[in-house]
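Peer 1: Pasting target_9.tsv below, which is TSV, C-alpha atoms.
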chain	number	residue	atom	x	y	z
A	19	MET	CA	0.25	34.68	25.37
A	20	SER	CA	3.81	33.63	26.22
A	21	ALA	CA	4.53	32.79	29.84
A	22	PRO	CA	7.15	34.94	31.62
A	23	ASP	CA	10.48	33.45	32.56
A	24	PRO	CA	11.79	33.69	36.17
A	25	MET	CA	13.34	37.10	35.37
A	26	GLY	CA	9.99	38.47	34.21
A	27	ALA	CA	10.69	38.58	30.47
A	28	PRO	CA	8.21	36.83	28.15
A	29	ILE	CA	9.31	33.47	26.73
A	30	PRO	CA	8.63	33.35	22.98
A	31	PRO	CA	6.63	30.39	21.70
A	32	VAL	CA	8.70	27.52	20.31
A	33	PRO	CA	8.52	27.61	16.49
A	34	PRO	CA	8.12	24.44	14.42
A	35	ALA	CA	11.36	22.60	13.72
A	36	CYS	CA	12.91	24.24	10.67
A	37	ALA	CA	13.17	22.20	7.45
A	38	THR	CA	15.48	23.40	4.68
A	39	LEU	CA	14.03	23.03	1.19
A	40	LEU	CA	15.25	22.85	-2.42
A	41	ILE	CA	12.51	23.45	-5.02
A	42	ALA	CA	12.86	21.67	-8.38
A	43	ASP	CA	10.39	22.64	-11.13
A	44	ASP	CA	11.02	23.47	-14.79
A	45	ASP	CA	8.40	26.25	-14.82
A	46	ALA	CA	10.09	29.43	-13.59
A	47	VAL	CA	6.84	31.10	-12.52
A	48	THR	CA	5.73	28.05	-10.51
A	49	ARG	CA	9.17	27.67	-8.97
A	50	SER	CA	9.40	31.34	-7.98
A	51	GLY	CA	5.86	31.35	-6.60
A	52	LEU	CA	6.47	28.26	-4.49
A	53	ARG	CA	9.68	29.78	-3.17
A	54	VAL	CA	8.03	33.01	-2.05
A	55	LEU	CA	4.95	31.34	-0.57
A	56	LEU	CA	6.74	28.48	1.21
A	57	ALA	CA	9.50	30.72	2.58
A	58	ALA	CA	6.76	32.69	4.35
A	59	GLN	CA	5.54	29.56	6.17
A	60	PRO	CA	6.75	28.76	9.70
A	61	GLY	CA	9.43	26.11	9.90
A	62	ILE	CA	10.45	26.31	6.22
A	63	THR	CA	13.71	27.76	4.89
A	64	VAL	CA	14.12	27.64	1.10
A	65	VAL	CA	17.82	27.23	0.28
A	66	GLY	CA	17.69	26.96	-3.50
A	67	GLU	CA	15.94	26.23	-6.79
A	68	ALA	CA	16.50	23.83	-9.67
A	69	ALA	CA	15.08	24.06	-13.20
A	70	ASP	CA	15.48	20.36	-14.06
A	71	GLY	CA	16.49	17.03	-12.62
A	72	LEU	CA	20.21	17.47	-13.19
A	73	GLU	CA	20.17	20.77	-11.30
A	74	ALA	CA	18.15	19.08	-8.54
A	75	VAL	CA	20.80	16.39	-8.10
A	76	GLU	CA	23.60	18.96	-8.04
A	77	GLY	CA	21.65	21.24	-5.70
A	78	ALA	CA	21.01	18.37	-3.30
A	79	ARG	CA	24.72	17.62	-3.31
A	80	LEU	CA	25.89	21.22	-2.76
A	81	LEU	CA	23.12	22.76	-0.63
A	82	ARG	CA	22.38	19.77	1.62
A	83	PRO	CA	18.64	20.50	2.06
A	84	ASP	CA	16.45	18.42	4.35
A	85	VAL	CA	13.84	18.03	1.60
A	86	VAL	CA	13.77	18.35	-2.19
A	87	LEU	CA	10.35	19.38	-3.51
A	88	MET	CA	10.46	17.57	-6.85
A	89	ASP	CA	8.33	18.09	-9.95
A	90	VAL	CA	8.25	14.85	-11.97
A	91	ARG	CA	7.92	16.19	-15.51
A	92	MET	CA	11.15	18.06	-16.22
A	93	PRO	CA	13.60	18.22	-19.16
A	94	ARG	CA	17.06	16.63	-19.34
A	95	CYS	CA	16.42	14.48	-16.26
A	96	ASN	CA	12.89	13.90	-14.95
A	97	GLY	CA	11.93	13.76	-11.29
A	98	ILE	CA	11.93	9.96	-11.17
A	99	GLU	CA	15.51	9.61	-12.34
A	100	ALA	CA	16.58	12.63	-10.26
A	101	THR	CA	15.08	10.96	-7.18
A	102	ARG	CA	17.01	7.75	-7.87
A	103	ARG	CA	20.24	9.66	-8.39
A	104	ILE	CA	19.87	11.80	-5.28
A	105	LEU	CA	19.25	8.78	-3.07
A	106	ALA	CA	22.07	6.78	-4.68
A	107	GLU	CA	24.73	9.46	-5.18
A	108	VAL	CA	24.31	12.11	-2.47
A	109	PRO	CA	25.86	11.25	0.90
A	110	ASP	CA	23.25	11.33	3.68
A	111	PRO	CA	20.66	12.25	1.04
A	112	PRO	CA	17.71	14.56	1.64
A	113	LYS	CA	14.12	13.37	1.62
A	114	VAL	CA	12.33	13.83	-1.70
A	115	MET	CA	8.71	15.00	-1.88
A	116	VAL	CA	7.06	14.89	-5.28
A	117	ILE	CA	4.75	17.75	-6.24
A	118	THR	CA	2.37	17.27	-9.13
A	119	THR	CA	-0.63	18.72	-10.92
A	120	PHE	CA	-2.27	15.35	-11.58
A	121	GLU	CA	-3.57	13.18	-8.73
A	122	ASN	CA	-3.25	9.88	-10.60
A	123	ASP	CA	-0.03	10.63	-12.44
A	124	GLY	CA	1.83	7.35	-13.03
A	125	HIS	CA	5.09	9.30	-12.82
A	126	VAL	CA	4.33	10.02	-9.14
A	127	THR	CA	3.83	6.35	-8.37
A	128	ALA	CA	7.09	5.55	-10.12
A	129	ALA	CA	8.86	8.26	-8.10
A	130	LEU	CA	7.49	6.78	-4.88
A	131	SER	CA	8.82	3.37	-5.88
A	132	ALA	CA	12.15	5.06	-6.67
A	133	GLY	CA	12.31	6.27	-3.06
A	134	ALA	CA	10.40	9.54	-2.81
A	135	SER	CA	9.02	9.94	0.72
A	136	GLY	CA	5.67	11.42	-0.27
A	137	PHE	CA	3.78	13.64	-2.65
A	138	ALA	CA	1.57	16.70	-2.71
A	139	LEU	CA	-0.73	18.25	-5.28
A	140	LYS	CA	0.11	21.73	-6.54
A	141	ARG	CA	-3.47	22.83	-5.98
A	142	LEU	CA	-3.26	22.25	-2.22
A	143	PRO	CA	-3.28	25.36	-0.01
A	144	VAL	CA	0.26	26.50	0.70
A	145	PRO	CA	0.03	25.80	4.48
A	146	ARG	CA	-0.81	22.15	3.68
A	147	ILE	CA	2.15	21.86	1.32
A	148	ALA	CA	4.35	23.38	4.04
A	149	GLN	CA	3.01	20.91	6.59
A	150	ALA	CA	3.71	18.08	4.14
A	151	VAL	CA	7.31	19.28	3.79
A	152	ARG	CA	7.72	19.31	7.58
A	153	THR	CA	6.16	15.85	7.83
A	154	VAL	CA	8.50	14.43	5.21
A	155	ALA	CA	11.46	16.05	6.97
A	156	ALA	CA	10.44	14.39	10.26
A	157	GLY	CA	10.02	11.07	8.46
A	158	ASP	CA	7.87	9.09	10.89
A	159	GLU	CA	4.50	9.02	9.14
A	160	ILE	CA	2.96	8.62	5.70
A	161	LEU	CA	1.64	11.62	3.78
A	162	PHE	CA	-1.99	11.45	2.64
A	163	PRO	CA	-2.40	7.66	3.09
A	164	ALA	CA	-5.82	7.49	1.40
A	165	ASP	CA	-4.52	9.26	-1.72
A	166	LEU	CA	-1.46	7.01	-1.74
A	167	ARG	CA	-3.67	3.91	-1.53
A	168	ARG	CA	-5.78	5.00	-4.49
A	169	MET	CA	-2.75	5.92	-6.55
A	170	VAL	CA	-0.74	2.77	-5.92
A	171	THR	CA	-3.54	0.23	-6.27
A	172	ALA	CA	-4.62	1.82	-9.55
A	173	ARG	CA	-1.11	1.41	-10.99
A	174	PRO	CA	0.63	-1.75	-9.74
A	175	LEU	CA	4.37	-1.66	-10.40
A	176	GLU	CA	7.26	-4.09	-10.32
A	177	SER	CA	7.69	-4.62	-6.56
A	178	ALA	CA	4.80	-7.07	-6.06
A	179	LYS	CA	7.16	-9.99	-5.42
A	180	ALA	CA	9.33	-8.18	-2.89
A	181	LEU	CA	7.27	-8.86	0.23
A	182	PRO	CA	6.76	-12.66	-0.01
A	183	ASP	CA	10.54	-13.15	-0.13
A	184	ALA	CA	11.31	-10.66	2.65
A	185	GLY	CA	10.67	-12.93	5.63
A	186	LEU	CA	8.79	-10.40	7.74
A	187	THR	CA	7.72	-11.59	11.16
A	188	LEU	CA	4.04	-11.46	12.13
A	189	ARG	CA	4.74	-8.42	14.29
A	190	GLU	CA	6.59	-6.68	11.47
A	191	GLU	CA	3.61	-7.35	9.17
A	192	ALA	CA	1.30	-5.84	11.80
A	193	VAL	CA	3.51	-2.73	12.00
A	194	LEU	CA	3.56	-2.43	8.21
A	195	ARG	CA	-0.24	-2.64	8.03
A	196	LEU	CA	-0.50	0.19	10.56
A	197	MET	CA	2.12	2.20	8.66
A	198	ALA	CA	-0.12	1.91	5.60
A	199	THR	CA	-2.91	3.73	7.45
A	200	GLY	CA	-0.58	6.71	7.96
A	201	ARG	CA	0.03	6.18	11.66
A	202	SER	CA	3.16	7.58	13.28
A	203	ASN	CA	5.49	5.52	15.45
A	204	PRO	CA	3.84	6.67	18.72
A	205	ASP	CA	0.40	5.79	17.31
A	206	ILE	CA	1.61	2.34	16.27
A	207	ALA	CA	3.20	1.83	19.67
A	208	HIS	CA	-0.10	2.68	21.36
A	209	ALA	CA	-2.06	0.34	19.06
A	210	LEU	CA	0.28	-2.60	19.67
A	211	THR	CA	0.98	-1.80	23.36
A	212	VAL	CA	4.73	-1.61	22.88
A	213	SER	CA	7.27	1.16	23.25
A	214	PRO	CA	8.02	3.67	20.48
A	215	GLU	CA	11.61	2.41	20.52
A	216	THR	CA	10.36	-1.11	19.74
A	217	VAL	CA	8.30	0.24	16.85
A	218	LYS	CA	11.32	2.13	15.53
A	219	THR	CA	13.30	-1.12	15.56
A	220	HIS	CA	10.52	-2.95	13.70
A	221	VAL	CA	10.29	-0.18	11.09
A	222	GLY	CA	14.05	-0.35	10.53
A	223	ASN	CA	13.86	-4.12	10.08
A	224	ILE	CA	10.96	-3.76	7.64
A	225	LEU	CA	12.84	-1.24	5.50
A	226	THR	CA	15.96	-3.43	5.48
A	227	LYS	CA	14.10	-6.63	4.59
A	228	LEU	CA	12.09	-4.97	1.83
A	229	SER	CA	15.09	-2.97	0.53
A	230	ALA	CA	12.78	0.04	0.87
A	231	GLN	CA	14.16	3.57	0.82
A	232	ASN	CA	11.63	4.84	3.36
A	233	ARG	CA	8.23	4.25	4.96
A	234	THR	CA	6.29	5.32	1.89
A	235	HIS	CA	8.22	2.94	-0.36
A	236	ALA	CA	7.54	0.12	2.13
A	237	VAL	CA	3.82	0.89	2.03
A	238	VAL	CA	3.87	0.93	-1.78
A	239	ILE	CA	5.34	-2.59	-1.64
A	240	ALA	CA	2.71	-3.67	0.89
A	241	TYR	CA	-0.13	-2.59	-1.41
A	242	GLU	CA	1.42	-4.05	-4.55
A	243	SER	CA	2.11	-7.34	-2.77
A	244	GLY	CA	-1.40	-7.65	-1.40
A	245	LEU	CA	-0.47	-7.51	2.30
A	246	VAL	CA	-2.72	-4.49	2.65
A	247	VAL	CA	-5.95	-4.63	0.65
A	248	PRO	CA	-7.95	-1.42	0.04
A	249	GLY	CA	-11.31	-1.43	1.75
A	250	LEU	CA	-10.32	-4.03	4.34
A	251	PRO	CA	-9.13	-3.26	7.87
A	252	GLY	CA	-5.38	-3.36	8.32
Take the structure in the file and give it back as structure tokens.
Peer 2:
Amino acid sequence: MSAPDPMGAPIPPVPPACATLLIADDDAVTRSGLRVLLAAQPGITVVGEAADGLEAVEGARLLRPDVVLMDVRMPRCNGIEATRRILAEVPDPPKVMVITTFENDGHVTAALSAGASGFALKRLPVPRIAQAVRTVAAGDEILFPADLRRMVTARPLESAKALPDAGLTLREEAVLRLMATGRSNPDIAHALTVSPETVKTHVGNILTKLSAQNRTHAVVIAYESGLVVPGLPG
């Protein structure tokens, strides 16, 4: 029950921070269904749809969403290329979250290396997809770290040489290892006994040194470079 304010009127509960969303999928039924279901979730406002990658790029430019929910297999311009173009061409670009039917789809891994902030499976319950959208919009933790680890290590890509040449400090490497476990900045700060502001600075340095678009891309590089090894503690 909401607590009353000093004048006696009830104070409504604070809703989740609202994330605006553009849905890109070439299947009209899937796209429409996602729009209806996600728009009904707290903290999600759907601002538009796109039927292919070119429409996704243009929609990101015109509608200025916080997140683009991006299918990877689309005509004219697939989700990988659309992700690259959004991040390169759209001022203050939105976050991109890949949505896919196949858990080990190599296109998803490629999209993550292109700068997508995370991914979700279409078969997930709608509230979990909505939570993933809100997490990507907030941007301070990794989505589904165990699934990401399995996906990336099964399909090594071209960034394996990026980390050895980056010149990360020992503390930055420690932060990156903790990022790979999916921990948020406050969790990392607690683990390393430093302030969240210090962690934020380290994360920024890591992204700059690795030329990574976001935390997920940095973790992809960490796995491909061997800094983080599956099955071993970070």
Peer 1: I'd like the neighbourhood of Ala230 of chain A as a PDB file with C-alpha atoms, keeping the file's coordinate frame, where a residue qualifies if any of its atoms comes within 12 Å (using all atoms listed in the file), though same-chain residues fewer than 3 positions away should be ignored.
Peer 2:
ATOM      1  CA  LEU A 105      19.250   8.780  -3.070  1.00  0.00           C
ATOM      2  CA  LEU A 130       7.490   6.780  -4.880  1.00  0.00           C
ATOM      3  CA  SER A 131       8.820   3.370  -5.880  1.00  0.00           C
ATOM      4  CA  ALA A 132      12.150   5.060  -6.670  1.00  0.00           C
ATOM      5  CA  GLY A 133      12.310   6.270  -3.060  1.00  0.00           C
ATOM      6  CA  ALA A 134      10.400   9.540  -2.810  1.00  0.00           C
ATOM      7  CA  SER A 135       9.020   9.940   0.720  1.00  0.00           C
ATOM      8  CA  SER A 177       7.690  -4.620  -6.560  1.00  0.00           C
ATOM      9  CA  ALA A 180       9.330  -8.180  -2.890  1.00  0.00           C
ATOM     10  CA  LEU A 181       7.270  -8.860   0.230  1.00  0.00           C
ATOM     11  CA  ALA A 184      11.310 -10.660   2.650  1.00  0.00           C
ATOM     12  CA  VAL A 221      10.290  -0.180  11.090  1.00  0.00           C
ATOM     13  CA  GLY A 222      14.050  -0.350  10.530  1.00  0.00           C
ATOM     14  CA  ASN A 223      13.860  -4.120  10.080  1.00  0.00           C
ATOM     15  CA  ILE A 224      10.960  -3.760   7.640  1.00  0.00           C
ATOM     16  CA  LEU A 225      12.840  -1.240   5.500  1.00  0.00           C
ATOM     17  CA  THR A 226      15.960  -3.430   5.480  1.00  0.00           C
ATOM     18  CA  LYS A 227      14.100  -6.630   4.590  1.00  0.00           C
ATOM     19  CA  ARG A 233       8.230   4.250   4.960  1.00  0.00           C
ATOM     20  CA  THR A 234       6.290   5.320   1.890  1.00  0.00           C
ATOM     21  CA  HIS A 235       8.220   2.940  -0.360  1.00  0.00           C
ATOM     22  CA  ALA A 236       7.540   0.120   2.130  1.00  0.00           C
ATOM     23  CA  VAL A 237       3.820   0.890   2.030  1.00  0.00           C
ATOM     24  CA  VAL A 238       3.870   0.930  -1.780  1.00  0.00           C
ATOM     25  CA  ILE A 239       5.340  -2.590  -1.640  1.00  0.00           C
ATOM     26  CA  ALA A 240       2.710  -3.670   0.890  1.00  0.00           C
TER      27      ALA A 240
END
Peer 1: Which residue, A:Arg82, A:Arg102, A:His208, A:Arg91, has the smallest gap to Asp44 of chain A when you use all atoms listed in the file?
Peer 2: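 Using all atoms listed in the file, the shortest distance to Asp44 of chain A belongs to A:Arg91.
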Peer 1: Which residues are close to segment 47-60 of chain A, i.e. within 9 Å by only C-alpha atoms, leaving aside same-chain residues fewer than 3 positions away? Reply as a list in words.
Peer 2: Pro33, Pro34, Ala35, Cys36, Leu40, Ile41, Ala42, Asp43, Asp44, Thr63, Val64, Gly66, Glu67, Ala68, Ala69, Val144, Pro145, Ile147 and Ala148 of chain A
Peer 1: Might you pull out every residue within 8 Å of Gly200 of chain A, with only C-alpha atoms counted and same-chain residues fewer than 5 positions away left off, and present them as a PyMOL selection string?
Peer 2: chain A and resi 159-163
Peer 1: Let me know the centre plus edge lengths, in Å and rounded to one decimal, of a box with edges along x, y and z that contains all listed atoms of segment 48-55 of chain A and is padded by 6 Å on every side, as AutoDock Vina command-line options.
Peer 2:
--center_x 7.3 --center_y 30.3 --center_z -5.5 --size_x 16.7 --size_y 17.3 --size_z 21.9
Peer 1: Would you mind reading off the distance between atom CA of Leu139 of chain A and atom CA of Ala74 of chain A, one decimal, in Å?
Peer 2: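 Taking atom CA of Leu139 of chain A as the start and atom CA of Ala74 of chain A as the end point, the length is 19.2 Å.
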Peer 1: From the set A:Leu188, A:Leu80, A:Asp45, A:Glu215, which residue has the shortest atom-to-atom contact distance to Val65 of chain A, counting only C-alpha atoms?
Peer 2: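 So, comparing all the options, the nearest one is A:Leu80.
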Peer 1: Would you work out the distance separating atom CA of Thr211 of chain A from atom CA of Asp158 of chain A, expressed in Å to one decimal?
Peer 2: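 Atom-to-atom, atom CA of Thr211 of chain A and atom CA of Asp158 of chain A are spaced 17.9 Å apart.
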Peer 1: Counting only C-alpha atoms, which residue out of A:Ala155, A:Met115, A:Leu39, A:Leu186 sits closest to Phe137 of chain A?
Peer 2: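 Looking at the shortest contact to Phe137 of chain A, the residue is A:Met115.
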Peer 1: Identify which of the residues A:Ala100, A:Leu245, A:Val193, A:Val154 lies closest to Asp205 of chain A, counting all atoms listed in the file when measuring atom-to-atom distances.
Peer 2: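 Distance minimum relative to Asp205 of chain A lands on A:Val193.
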Peer 1: What is the distance, in Å and to one decimal place, between atom CA of Glu190 of chain A and atom CA of Thr219 of chain A?
Peer 2: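 It comes out at 9.6 Å.
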Peer 1: Under the rule that only C-alpha atoms are counted, which of A:Leu210, A:Leu166, A:Ala150, A:Leu142 is the nearest residue to Thr127 of chain A?
Peer 2: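 Of A:Leu210, A:Leu166, A:Ala150, A:Leu142, the one nearest Thr127 of chain A is A:Leu166, counting only C-alpha atoms.
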